[in-house]
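Engineer: Can you read through this structure? Questions will come right after.
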There are 2 protein chains.
Amino acid sequence: SVNPDLASERQTASFSVEKLTALLDGGAEQMRVRRAVVEAIESDPVFSRENQYFQTQNERYEAAVKKAVHLQKKMHEMGWSENGPEYKYIYRALSGDVAFLLHRVFMRSISVLGSDKQIAKWIPLASQHKLIGSYAQTELGHGTYLQGLETTAVFDTATQEFILNTPKISAMKWWPGDMGRSATHTVVFAQLYVHGKCYGIHPFIVQIRSLQDHSLCPGITAGDIGPKMNFEHIDNGYLLLKNVRVPRENMLSKFCEVRPDGTYIRQGSQKINYFTMTTVRISLISDEVLTPLMKACTIAIRYSAVRRQSKLKPGEQEAKILDYQTQQEKLLPQLAAAYAFHFINDYLQELFNRGYREIQRKNFDMLPELHALSSGFKAMITQHCTAGVEICLRACGGHGYSLLSGLPSLYTKILASCIYEGENTILLLQTARFLIKCFMATRAGQPVPPSVTYLAAVKPGKCPAKNKLDFLRPDIYTEAYQHVAVRLTSSTAAKLQDLIQSGVKKHDAWNQCTVQLVQAAKAHCHYIAVKNFAETVEKLETKAGIQKIMKHLCDLFALHGIFSNTGAFLHDGYTSAAQMDMVTASYLDLLAVIRKDAVPLVDAFDFTDKSLNSALGSYDGQVYQRLYEWAQKSPTNQMSPAYEKYLKPLLHNTLSKL
Amino acid sequence: SVNPDLASERQTASFSVEKLTALLDGGAEQMRVRRAVVEAIESDPVFSRENQYFQTQNERYEAAVKKAVHLQKKMHEMGWSENGPEYKYIYRALSGDVAFLLHRVFMRSISVLGSDKQIAKWIPLASQHKLIGSYAQTELGHGTYLQGLETTAVFDTATQEFILNTPKISAMKWWPGDMGRSATHTVVFAQLYVHGKCYGIHPFIVQIRSLQDHSLCPGITAGDIGPKMNFEHIDNGYLLLKNVRVPRENMLSKFCEVRPDGTYIRQGSQKINYFTMTTVRISLISDEVLTPLMKACTIAIRYSAVRRQSKLKPGEQEAKILDYQTQQEKLLPQLAAAYAFHFINDYLQELFNRGYREIQRKNFDMLPELHALSSGFKAMITQHCTAGVEICLRACGGHGYSLLSGLPSLYTKILASCIYEGENTILLLQTARFLIKCFMATRAGQPVPPSVTYLAAVKPGKCPAKNKLDFLRPDIYTEAYQHVAVRLTSSTAAKLQDLIQSGVKKHDAWNQCTVQLVQAAKAHCHYIAVKNFAETVEKLETKAGIQKIMKHLCDLFALHGIFSNTGAFLHDGYTSAAQMDMVTASYLDLLAVIRKDAVPLVDAFDFTDKSLNSALGSYDGQVYQRLYEWAQKSPTNQMSPAYEKYLKPLLHNTLSKL
């Protein structure tokens, strides 16, 4: 039975939840396929996450391997293929709680970097799981700066082999998933040396464990890097190489080859490689970043509709905490951001599909823009969503702090997304470099890519809003965001030039501007996200109910951004103090409006109870009952040796009843 | 051997680290005592935290009980007493990793709320550990709003007993520490009913487990609430009461008593109770909040001096990441905040000692101010320090995400401080209520407590700074903070009055202002923190070297606050855009200045390697070696059943060497 406090929230929805879900899925057919996959996965007990919060790192790893092996069987049974429409829903349905994800990266790297002959040899073995692959790039001493990797691969003409070494402790491979305990093979990135000359980083296929008994191969030292903040199910590993020899054929050689005599040949374009890195950053947004935020919003908002605490009006019943303005101000902007990022993700996916088609036609013109957008949005979205999950956790008070709420593990996992696939600050500086370059180009009258043409249009004007309702006009707030993005880019470009003209060396000048460059990159992405949300809402004209609530969310997303960063908009007087008070008034008004649809808006994310795995967030809102039932299953409710060993001796000699 | 990159940082310290440590300790003698305690605790293998990151929740609990029992023996051996000068260092030396903390709260509550007779009976039993106590206040359904607690205690005149019940699932006691598995007794807070009339919440001593065999007493259901984000060592528990009878004498009756005939008598003043809650909030700041931030700064700054990544200048060696402006901008403001909060903590401790003396003289005048300050600063400092620890964690990239860095557990533990002992938003609203009241009083010409007299002095002027150096003048920035605090309080008070005058009911009007009230309370605390830091620096005139670096940190703390919240200062034109650019320039300049002393500044916190328990933060900076050694000890490097069960069957039929 549904908690009446939650049921009442659903009765007054201003729109059709089912239709909004279909919109988010990209259509009714996709929704159907997704639900079928979720149903098939969740009805299979092997994929259960029921005991997840009680398991040790060892147990989590074992379960993830079991699931990965079972998944092969399941896919065969269900007729799902890696290229089929179901595939993208499988990982999400498993909540990523499965092993061998790096095996897929191993295969992808061979497909992209290997010669036809290498592909023909390795891909069938890998796809039949006759080996388990990993991907060994990051080292103890190097992550961000790939050129600095210290692992070496020296070509020995006599034996036609590469000799691989990790010559210093900092060269040890560190972090690769599936490598700590599972992998038999890996792709090692190493500095290639031929006849004493270094040719830079190249990829080599290296066997690390016996296929007979899984023992480490000669020259290999490998293991698990131990406990992490999350990812207990993944065996992130370390790898030391001591004179490990691999045949010449094991260097992946689509773009570079070492001939038997040691001649080094570079062929084809490497640009496509950068594009791969770029697409990975976009592809992780949906599953690794947006889904956790949507889950956190679902949990926190349902809980806030059920939890009653303190009285809002004297003499009445205790109030739902969702009725407090401060609680709305914590949660509803996160909900609006989840929708904003869902739509910007659609935009980026479309842009990248177009980019991919262009690249297949050997047109690489879009690459710099795509790189800048993927870097900036990866950083911006991971940053916002991580902060959003944390806000949801804290907004649930003590119960949010229990693992059983599901929120701590959402947080500890999403946090990693700020670090992996490019550390966020580094990525924002990549975007900033692109912005500065394009800004200078516009000043010189040169053409720039579409997403940055706005940089050419520096209008020194003022915000034309006359009352608080004007701030519900997308043209008004989008222009304000644009103005700030232009101002931050142009003022930082000016500072950079001033420093250089005053004699500061270029790299020092750049370093002295980086704090402001990061601000400019964020403002650029924020502007595009707001603009895209507003444009998306406009296109919903045939869906009146949905359009109306999406318009409210778009307004909230935009005004929250202004309210949280008023200085950027006030700085040069574009927005006046009186206008900022209008923003605040409209923003606070919106909270009360959206609050009415808050539960239907999270229901539309369509998470099953199993996928949320949360005592606070279930569809029926039976929070206390579930917390109590789940807690009783905890291993901490078994007898502890601490009683016999320490408590009993301490308490001895006391009366049986005081 | 110390990593040369770290050694070089220490050679150029601008001040004496030893003298700064003594200053932080409150004198050379306190420093000596602290170090002696740390040495005694850390040399005792029972107190080792070496394997902490590899232990399960059950193992952590068992170890914490073992430590608690051993601590009694140790204190006896060492001649340490609970009232001695060593006591405050013991808990810190243990990093809080010990059981029976609620036993102390149990004793304190009896001392404060019990009659002389009750104290005489229970305190000796508790201090000799003839029982283990807990403190059962929070329920599944109620934390913040104590009046809403649902547990009942009905007086039965016939048997002279109270009958205790948790009548609904939401009434179940939930969270009390030491209660899940250890406690034999607890203080239960319940609604007192006599002859059908409710007298509100009162405390009752209830035995929950047998002293013979630790089995649950009749009518008691209790256990552990399961896994949490941290606090694995504590058995936070649940408790159901079904017709549990306790004698009339078990109601703690210093202030209220039920006579044998059921007559209810209230005696003495209860104000002292609120004072106790207030002091708890202040007392947790040092150990639970400041120490973790100081540890996180130590780890992240030492690591940033050792980690080299990418090149700052072409052709040179890779740069220490501490040399990047963006890294400085992440870490150094946290360092400055750690010092700022250390000094405000001194200020609060002194104020509370004075308050305590006044209260002993039956003068309760200071209570409202003390309540407002303790609430506001508890919220402000826990909020800032939690965010600071997270920034330190992220700033260490992938290695910060490993539990072995020590940073994840610092974060997951400090996060709870935002929730316990008063949820932060609720507390800030308490402070805001005091501010509004005092503001209205000043308008009416009435006197107000010292910390808020500034509210009377509304000067509409402008910031007088003329160049960026002016923003290194404490009078300039302190006044700017004061101005913002007054503006936010007065404008919110005006909004509140406007709403009420326009017919909105008082409680609705309050709710509609709460987002802005929270801002006002934060601005008030920030202003006092800045002012206090500046005054502290001024008093260091006899310690020139230390005064100089503390002045830099004070400036950084102040300017970081402005730089991160420019809108508040720009809003009414008190600070102009040109002045804000000066703030930015001075702020960024300061980063480069303080960076030079960053390592000595964290060395002065004087944490031993054992207390940091971090592979990244050790004094010698041998990061990679330690990560590798520690990882090898992880239980994830033992054989997993996953190989025999799943991997071997999967890999069968393959070649031994591909």
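Residues in the structure tokens are named by chain (A, B, ... in the order shown) and by number from 1 within that chain; ligands are numbered from 1 in the order shown.
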So which residues touch B:Leu570 within 12 Å, counting only C-alpha atoms, skipping near sequence neighbours fewer than 5 positions away, as an MDAnalysis selection string?
Structural biologist: (chainID A and resid 565:573 575:577 580) or (chainID B and resid 462:463 480:481 483:484 487 562:563 565 575:581 583)
Engineer: Those same residues, written as a compact mmCIF listing (two decimals), in the first residue's frame with N, CA, C and O atoms?
Structural biologist:
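The result, stored in selection-v3.txt:
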```txt
# COMPACT_ATOMS: atom_id res chain seq x y z
N ASN A 565 25.10 32.74 -8.29
CA ASN A 565 26.34 33.32 -8.80
C ASN A 565 26.06 34.78 -9.19
O ASN A 565 26.44 35.23 -10.26
N THR A 566 25.40 35.50 -8.29
CA THR A 566 24.91 36.83 -8.64
C THR A 566 26.03 37.77 -9.07
O THR A 566 25.84 38.62 -9.95
N GLY A 567 27.20 37.60 -8.48
CA GLY A 567 28.31 38.52 -8.77
C GLY A 567 28.65 38.57 -10.24
O GLY A 567 28.95 39.64 -10.79
N ALA A 568 28.61 37.41 -10.90
CA ALA A 568 28.98 37.36 -12.32
C ALA A 568 28.03 38.22 -13.15
O ALA A 568 28.42 38.79 -14.17
N PHE A 569 26.77 38.30 -12.72
CA PHE A 569 25.76 39.04 -13.50
C PHE A 569 25.71 40.52 -13.10
O PHE A 569 25.35 41.37 -13.90
N LEU A 570 26.09 40.80 -11.84
CA LEU A 570 26.08 42.17 -11.35
C LEU A 570 27.33 42.94 -11.77
O LEU A 570 27.32 44.16 -11.86
N HIS A 571 28.41 42.19 -11.98
CA HIS A 571 29.75 42.79 -12.04
C HIS A 571 29.85 44.07 -12.86
O HIS A 571 30.21 45.12 -12.36
N ASP A 572 29.50 43.99 -14.14
CA ASP A 572 29.67 45.18 -14.99
C ASP A 572 28.37 45.97 -15.13
O ASP A 572 28.24 46.80 -16.03
N GLY A 573 27.42 45.69 -14.26
CA GLY A 573 26.17 46.45 -14.29
C GLY A 573 25.18 45.96 -15.34
O GLY A 573 24.14 46.59 -15.54
N THR A 575 23.25 43.48 -15.10
CA THR A 575 22.06 43.31 -14.28
C THR A 575 22.18 44.27 -13.10
O THR A 575 23.24 44.33 -12.47
N SER A 576 21.12 45.00 -12.80
CA SER A 576 21.18 45.92 -11.66
C SER A 576 20.77 45.18 -10.39
O SER A 576 20.23 44.07 -10.44
N ALA A 577 21.02 45.83 -9.24
CA ALA A 577 20.63 45.24 -7.96
C ALA A 577 19.12 45.03 -7.92
O ALA A 577 18.63 44.02 -7.42
N MET A 580 18.32 42.06 -9.78
CA MET A 580 18.70 40.85 -9.06
C MET A 580 17.65 40.50 -8.01
O MET A 580 17.38 39.32 -7.76
N LYS B 462 30.28 53.63 1.02
CA LYS B 462 30.94 52.82 -0.01
C LYS B 462 32.27 52.33 0.56
O LYS B 462 32.87 52.98 1.41
N CYS B 463 32.74 51.23 0.01
CA CYS B 463 34.05 50.72 0.40
C CYS B 463 35.11 51.73 -0.04
O CYS B 463 35.14 52.15 -1.20
N ALA B 480 33.65 45.50 5.07
CA ALA B 480 32.85 45.00 3.95
C ALA B 480 31.98 43.82 4.40
O ALA B 480 30.79 43.74 4.07
N TYR B 481 32.57 42.91 5.18
CA TYR B 481 31.79 41.78 5.70
C TYR B 481 30.66 42.27 6.61
O TYR B 481 29.54 41.75 6.57
N HIS B 483 29.18 45.12 6.51
CA HIS B 483 28.16 45.76 5.68
C HIS B 483 27.19 44.72 5.08
O HIS B 483 25.98 44.90 5.11
N VAL B 484 27.78 43.65 4.56
CA VAL B 484 26.94 42.61 3.95
C VAL B 484 26.03 41.95 4.99
O VAL B 484 24.85 41.71 4.74
N ARG B 487 23.24 44.31 5.75
CA ARG B 487 22.32 44.44 4.63
C ARG B 487 21.40 43.22 4.52
O ARG B 487 20.19 43.35 4.33
N ILE B 562 35.17 36.81 -0.18
CA ILE B 562 34.60 37.82 -1.08
C ILE B 562 34.61 37.30 -2.53
O ILE B 562 33.61 37.36 -3.23
N PHE B 563 35.76 36.75 -2.93
CA PHE B 563 35.92 36.24 -4.30
C PHE B 563 34.88 35.16 -4.61
O PHE B 563 34.41 35.06 -5.75
N ASN B 565 31.91 34.92 -3.39
CA ASN B 565 30.53 35.37 -3.15
C ASN B 565 30.43 36.84 -3.53
O ASN B 565 29.88 37.66 -2.79
N THR B 575 30.69 47.72 -2.82
CA THR B 575 31.94 47.45 -3.53
C THR B 575 31.65 47.64 -5.02
O THR B 575 30.66 47.13 -5.53
N SER B 576 32.52 48.36 -5.70
CA SER B 576 32.33 48.57 -7.14
C SER B 576 32.98 47.43 -7.92
O SER B 576 33.76 46.65 -7.37
N ALA B 577 32.64 47.35 -9.21
CA ALA B 577 33.26 46.32 -10.05
C ALA B 577 34.77 46.49 -10.10
O ALA B 577 35.52 45.51 -10.05
N ALA B 578 35.23 47.74 -10.16
CA ALA B 578 36.68 47.99 -10.19
C ALA B 578 37.32 47.49 -8.90
O ALA B 578 38.40 46.87 -8.92
N GLN B 579 36.65 47.73 -7.78
CA GLN B 579 37.18 47.23 -6.51
C GLN B 579 37.18 45.70 -6.47
O GLN B 579 38.08 45.08 -5.92
N MET B 580 36.16 45.10 -7.07
CA MET B 580 36.11 43.65 -7.09
C MET B 580 37.29 43.08 -7.89
O MET B 580 37.84 42.04 -7.54
N ASP B 581 37.67 43.78 -8.95
CA ASP B 581 38.85 43.34 -9.70
C ASP B 581 40.11 43.45 -8.84
O ASP B 581 41.02 42.64 -8.96
N VAL B 583 40.12 43.05 -5.57
CA VAL B 583 40.02 41.90 -4.66
C VAL B 583 40.58 40.66 -5.35
O VAL B 583 41.40 39.93 -4.79
```
Engineer: Which neighbours of stretch 169-172 of chain A fall inside 8 Å, counting only C-alpha atoms, when residues of the same chain fewer than 4 positions from it are skipped, and could you give them as a PDB file with N, CA, C and O atoms, in the first residue's frame?
Structural biologist:
```pdb
ATOM      1  N   GLU A 139      49.638   5.225 -14.724  1.00  0.00           N
ATOM      2  CA  GLU A 139      50.694   4.712 -13.850  1.00  0.00           C
ATOM      3  C   GLU A 139      50.598   5.389 -12.488  1.00  0.00           C
ATOM      4  O   GLU A 139      49.914   6.406 -12.339  1.00  0.00           O
ATOM      5  N   LEU A 140      51.308   4.826 -11.507  1.00  0.00           N
ATOM      6  CA  LEU A 140      51.322   5.458 -10.182  1.00  0.00           C
ATOM      7  C   LEU A 140      51.686   6.936 -10.302  1.00  0.00           C
ATOM      8  O   LEU A 140      51.089   7.780  -9.662  1.00  0.00           O
ATOM      9  N   GLY A 141      52.641   7.238 -11.161  1.00  0.00           N
ATOM     10  CA  GLY A 141      53.148   8.602 -11.252  1.00  0.00           C
ATOM     11  C   GLY A 141      52.536   9.445 -12.356  1.00  0.00           C
ATOM     12  O   GLY A 141      52.822  10.637 -12.442  1.00  0.00           O
ATOM     13  N   HIS A 142      51.715   8.848 -13.223  1.00  0.00           N
ATOM     14  CA  HIS A 142      51.157   9.627 -14.323  1.00  0.00           C
ATOM     15  C   HIS A 142      49.741   9.232 -14.684  1.00  0.00           C
ATOM     16  O   HIS A 142      49.466   8.064 -14.925  1.00  0.00           O
ATOM     17  N   LEU A 149      54.397   9.139 -19.251  1.00  0.00           N
ATOM     18  CA  LEU A 149      54.415   7.729 -18.848  1.00  0.00           C
ATOM     19  C   LEU A 149      55.842   7.179 -18.899  1.00  0.00           C
ATOM     20  O   LEU A 149      56.613   7.532 -19.794  1.00  0.00           O
ATOM     21  N   GLU A 150      56.168   6.316 -17.955  1.00  0.00           N
ATOM     22  CA  GLU A 150      57.569   5.880 -17.814  1.00  0.00           C
ATOM     23  C   GLU A 150      57.823   4.432 -18.219  1.00  0.00           C
ATOM     24  O   GLU A 150      58.972   3.989 -18.253  1.00  0.00           O
ATOM     25  N   THR A 151      56.776   3.671 -18.479  1.00  0.00           N
ATOM     26  CA  THR A 151      56.955   2.288 -18.921  1.00  0.00           C
ATOM     27  C   THR A 151      57.653   2.290 -20.280  1.00  0.00           C
ATOM     28  O   THR A 151      57.342   3.126 -21.136  1.00  0.00           O
ATOM     29  N   TYR A 238      47.342  -3.268 -10.071  1.00  0.00           N
ATOM     30  CA  TYR A 238      48.679  -2.743 -10.348  1.00  0.00           C
ATOM     31  C   TYR A 238      49.447  -3.768 -11.173  1.00  0.00           C
ATOM     32  O   TYR A 238      49.099  -4.954 -11.185  1.00  0.00           O
ATOM     33  N   LEU A 239      50.472  -3.312 -11.858  1.00  0.00           N
ATOM     34  CA  LEU A 239      51.219  -4.186 -12.764  1.00  0.00           C
ATOM     35  C   LEU A 239      52.656  -3.701 -12.873  1.00  0.00           C
ATOM     36  O   LEU A 239      52.910  -2.549 -13.242  1.00  0.00           O
ATOM     37  N   LEU A 240      53.567  -4.600 -12.515  1.00  0.00           N
ATOM     38  CA  LEU A 240      54.995  -4.333 -12.703  1.00  0.00           C
ATOM     39  C   LEU A 240      55.499  -5.251 -13.804  1.00  0.00           C
ATOM     40  O   LEU A 240      55.145  -6.437 -13.827  1.00  0.00           O
ATOM     41  N   LEU A 241      56.306  -4.716 -14.702  1.00  0.00           N
ATOM     42  CA  LEU A 241      56.856  -5.512 -15.798  1.00  0.00           C
ATOM     43  C   LEU A 241      58.372  -5.536 -15.674  1.00  0.00           C
ATOM     44  O   LEU A 241      59.003  -4.484 -15.549  1.00  0.00           O
TER      45      LEU A 241
ATOM     46  N   TYR B 624      54.482   6.807  -3.438  1.00  0.00           N
ATOM     47  CA  TYR B 624      54.252   5.646  -4.307  1.00  0.00           C
ATOM     48  C   TYR B 624      54.654   4.346  -3.627  1.00  0.00           C
ATOM     49  O   TYR B 624      53.965   3.333  -3.728  1.00  0.00           O
ATOM     50  N   GLN B 625      55.793   4.406  -2.925  1.00  0.00           N
ATOM     51  CA  GLN B 625      56.264   3.230  -2.200  1.00  0.00           C
ATOM     52  C   GLN B 625      55.198   2.767  -1.200  1.00  0.00           C
ATOM     53  O   GLN B 625      54.875   1.592  -1.094  1.00  0.00           O
TER      54      GLN B 625
END
```
Engineer: Quick check, in Å to one decimal: how far apart do atom CA of B:Val602 and atom CA of B:Arg308 lie?
Structural biologist: 19.4 Å
Engineer: B:Asp178, B:Glu86, B:Asp597, B:Glu62: which is nearest chain A, counting only C-alpha atoms?
Structural biologist: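 Counting only C-alpha atoms, the residue closest to chain A is B:Glu62.
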Engineer: Identify every residue of chain A that has at least one atom within 6 Å of any atom of chain B, counting only C-alpha atoms, and report the result as a CSV table (one decimal) with N, CA, C and O atoms, in the first residue's frame.
Structural biologist:
```
chain,number,residue,atom,x,y,z
A,58,ASN,N,35.6,-8.1,-1.3
A,58,ASN,CA,35.8,-9.4,-1.9
A,58,ASN,C,34.5,-10.0,-2.4
A,58,ASN,O,34.4,-10.6,-3.5
A,62,GLU,N,33.4,-10.9,-6.3
A,62,GLU,CA,32.9,-12.2,-6.7
A,62,GLU,C,31.6,-12.1,-7.4
A,62,GLU,O,31.3,-12.7,-8.4
A,130,LYS,N,37.8,-16.2,-24.5
A,130,LYS,CA,38.9,-17.2,-24.4
A,130,LYS,C,40.1,-16.5,-23.7
A,130,LYS,O,41.1,-17.1,-23.4
A,145,TYR,N,49.0,13.4,-17.7
A,145,TYR,CA,50.0,13.8,-18.6
A,145,TYR,C,50.6,12.5,-19.3
A,145,TYR,O,51.6,11.9,-18.8
A,211,LEU,N,46.7,-19.0,-18.9
A,211,LEU,CA,45.3,-19.4,-19.2
A,211,LEU,C,45.0,-20.8,-18.6
A,211,LEU,O,43.9,-21.2,-18.6
A,212,GLN,N,46.1,-21.5,-18.1
A,212,GLN,CA,45.9,-22.8,-17.5
A,212,GLN,C,45.4,-22.6,-16.1
A,212,GLN,O,44.4,-23.2,-15.6
A,224,ASP,N,45.8,-6.4,-6.7
A,224,ASP,CA,44.7,-5.4,-6.6
A,224,ASP,C,45.2,-4.2,-5.8
A,224,ASP,O,45.9,-4.4,-4.8
A,225,ILE,N,44.7,-3.0,-6.1
A,225,ILE,CA,45.2,-1.8,-5.4
A,225,ILE,C,44.5,-1.6,-4.1
A,225,ILE,O,44.8,-0.6,-3.4
A,226,GLY,N,43.6,-2.4,-3.7
A,226,GLY,CA,43.0,-2.3,-2.4
A,226,GLY,C,41.7,-1.5,-2.4
A,226,GLY,O,41.1,-1.2,-3.4
A,227,PRO,N,41.3,-1.1,-1.2
A,227,PRO,CA,40.0,-0.4,-1.0
A,227,PRO,C,39.9,1.0,-1.5
A,227,PRO,O,40.9,1.7,-1.5
A,228,LYS,N,38.8,1.3,-2.1
A,228,LYS,CA,38.6,2.6,-2.7
A,228,LYS,C,37.3,3.1,-2.1
A,228,LYS,O,36.6,2.4,-1.4
A,229,MET,N,36.9,4.4,-2.5
A,229,MET,CA,35.7,5.0,-1.9
A,229,MET,C,34.4,4.3,-2.4
A,229,MET,O,33.4,4.4,-1.7
A,310,SER,N,8.3,18.8,12.5
A,310,SER,CA,8.1,20.1,13.0
A,310,SER,C,6.8,20.7,12.4
A,310,SER,O,6.2,20.1,11.5
A,326,THR,N,13.4,26.0,2.4
A,326,THR,CA,14.8,25.7,2.4
A,326,THR,C,15.0,24.3,1.8
A,326,THR,O,16.0,24.0,1.1
A,397,GLY,N,18.9,14.1,5.9
A,397,GLY,CA,19.3,14.1,7.3
A,397,GLY,C,20.0,12.7,7.6
A,397,GLY,O,20.6,12.1,6.8
A,401,TYR,N,22.2,9.3,5.5
A,401,TYR,CA,23.6,8.9,5.8
A,401,TYR,C,23.7,7.4,6.0
A,401,TYR,O,24.8,6.8,6.0
A,402,SER,N,22.6,6.7,6.1
A,402,SER,CA,22.6,5.2,6.2
A,402,SER,C,22.8,4.7,4.8
A,402,SER,O,22.2,5.2,3.8
A,403,LEU,N,23.7,3.7,4.7
A,403,LEU,CA,23.9,3.1,3.3
A,403,LEU,C,22.5,2.6,2.8
A,403,LEU,O,22.4,2.5,1.5
A,408,PRO,N,24.5,7.2,0.0
A,408,PRO,CA,26.0,7.3,0.1
A,408,PRO,C,26.7,6.6,-1.1
A,408,PRO,O,27.7,7.1,-1.6
A,419,ILE,N,37.0,12.8,-11.6
A,419,ILE,CA,38.5,12.6,-11.7
A,419,ILE,C,38.8,11.8,-13.0
A,419,ILE,O,39.8,12.1,-13.6
A,515,VAL,N,42.7,30.4,-13.0
A,515,VAL,CA,41.5,30.4,-12.1
A,515,VAL,C,40.4,31.1,-12.9
A,515,VAL,O,39.2,30.7,-12.9
A,566,THR,N,25.4,35.5,-8.3
A,566,THR,CA,24.9,36.8,-8.6
A,566,THR,C,26.0,37.8,-9.1
A,566,THR,O,25.8,38.6,-9.9
A,567,GLY,N,27.2,37.6,-8.5
A,567,GLY,CA,28.3,38.5,-8.8
A,567,GLY,C,28.7,38.6,-10.2
A,567,GLY,O,28.9,39.6,-10.8
A,571,HIS,N,28.4,42.2,-12.0
A,571,HIS,CA,29.7,42.8,-12.0
A,571,HIS,C,29.8,44.1,-12.9
A,571,HIS,O,30.2,45.1,-12.4
A,577,ALA,N,21.0,45.8,-9.2
A,577,ALA,CA,20.6,45.2,-8.0
A,577,ALA,C,19.1,45.0,-7.9
A,577,ALA,O,18.6,44.0,-7.4
A,631,ALA,N,17.6,-3.3,8.1
A,631,ALA,CA,18.7,-3.3,9.1
A,631,ALA,C,18.8,-4.6,9.8
A,631,ALA,O,19.9,-5.0,10.2
A,634,SER,N,21.4,-7.0,8.5
A,634,SER,CA,22.8,-6.6,8.5
A,634,SER,C,23.6,-7.6,9.3
A,634,SER,O,23.2,-8.1,10.3
A,636,THR,N,25.9,-7.0,11.1
A,636,THR,CA,26.1,-6.5,12.4
A,636,THR,C,25.1,-6.9,13.4
A,636,THR,O,25.2,-6.5,14.6
A,637,ASN,N,24.1,-7.6,13.0
A,637,ASN,CA,23.1,-8.1,13.9
A,637,ASN,C,23.3,-9.6,14.2
A,637,ASN,O,22.5,-10.2,14.8
A,642,ALA,N,33.1,-9.7,20.3
A,642,ALA,CA,33.5,-8.7,21.2
A,642,ALA,C,32.8,-8.9,22.6
A,642,ALA,O,33.4,-8.6,23.6
A,651,LEU,N,31.9,-6.6,32.4
A,651,LEU,CA,30.7,-6.5,33.2
A,651,LEU,C,30.6,-7.5,34.3
A,651,LEU,O,29.7,-7.4,35.1
A,654,THR,N,28.9,-7.9,38.3
A,654,THR,CA,27.8,-6.9,38.5
A,654,THR,C,26.5,-7.6,38.9
A,654,THR,O,26.4,-8.8,38.7
A,656,SER,N,22.6,-8.8,38.6
A,656,SER,CA,21.9,-9.2,37.4
A,656,SER,C,20.8,-8.1,37.0
A,656,SER,O,20.5,-7.9,35.9
```
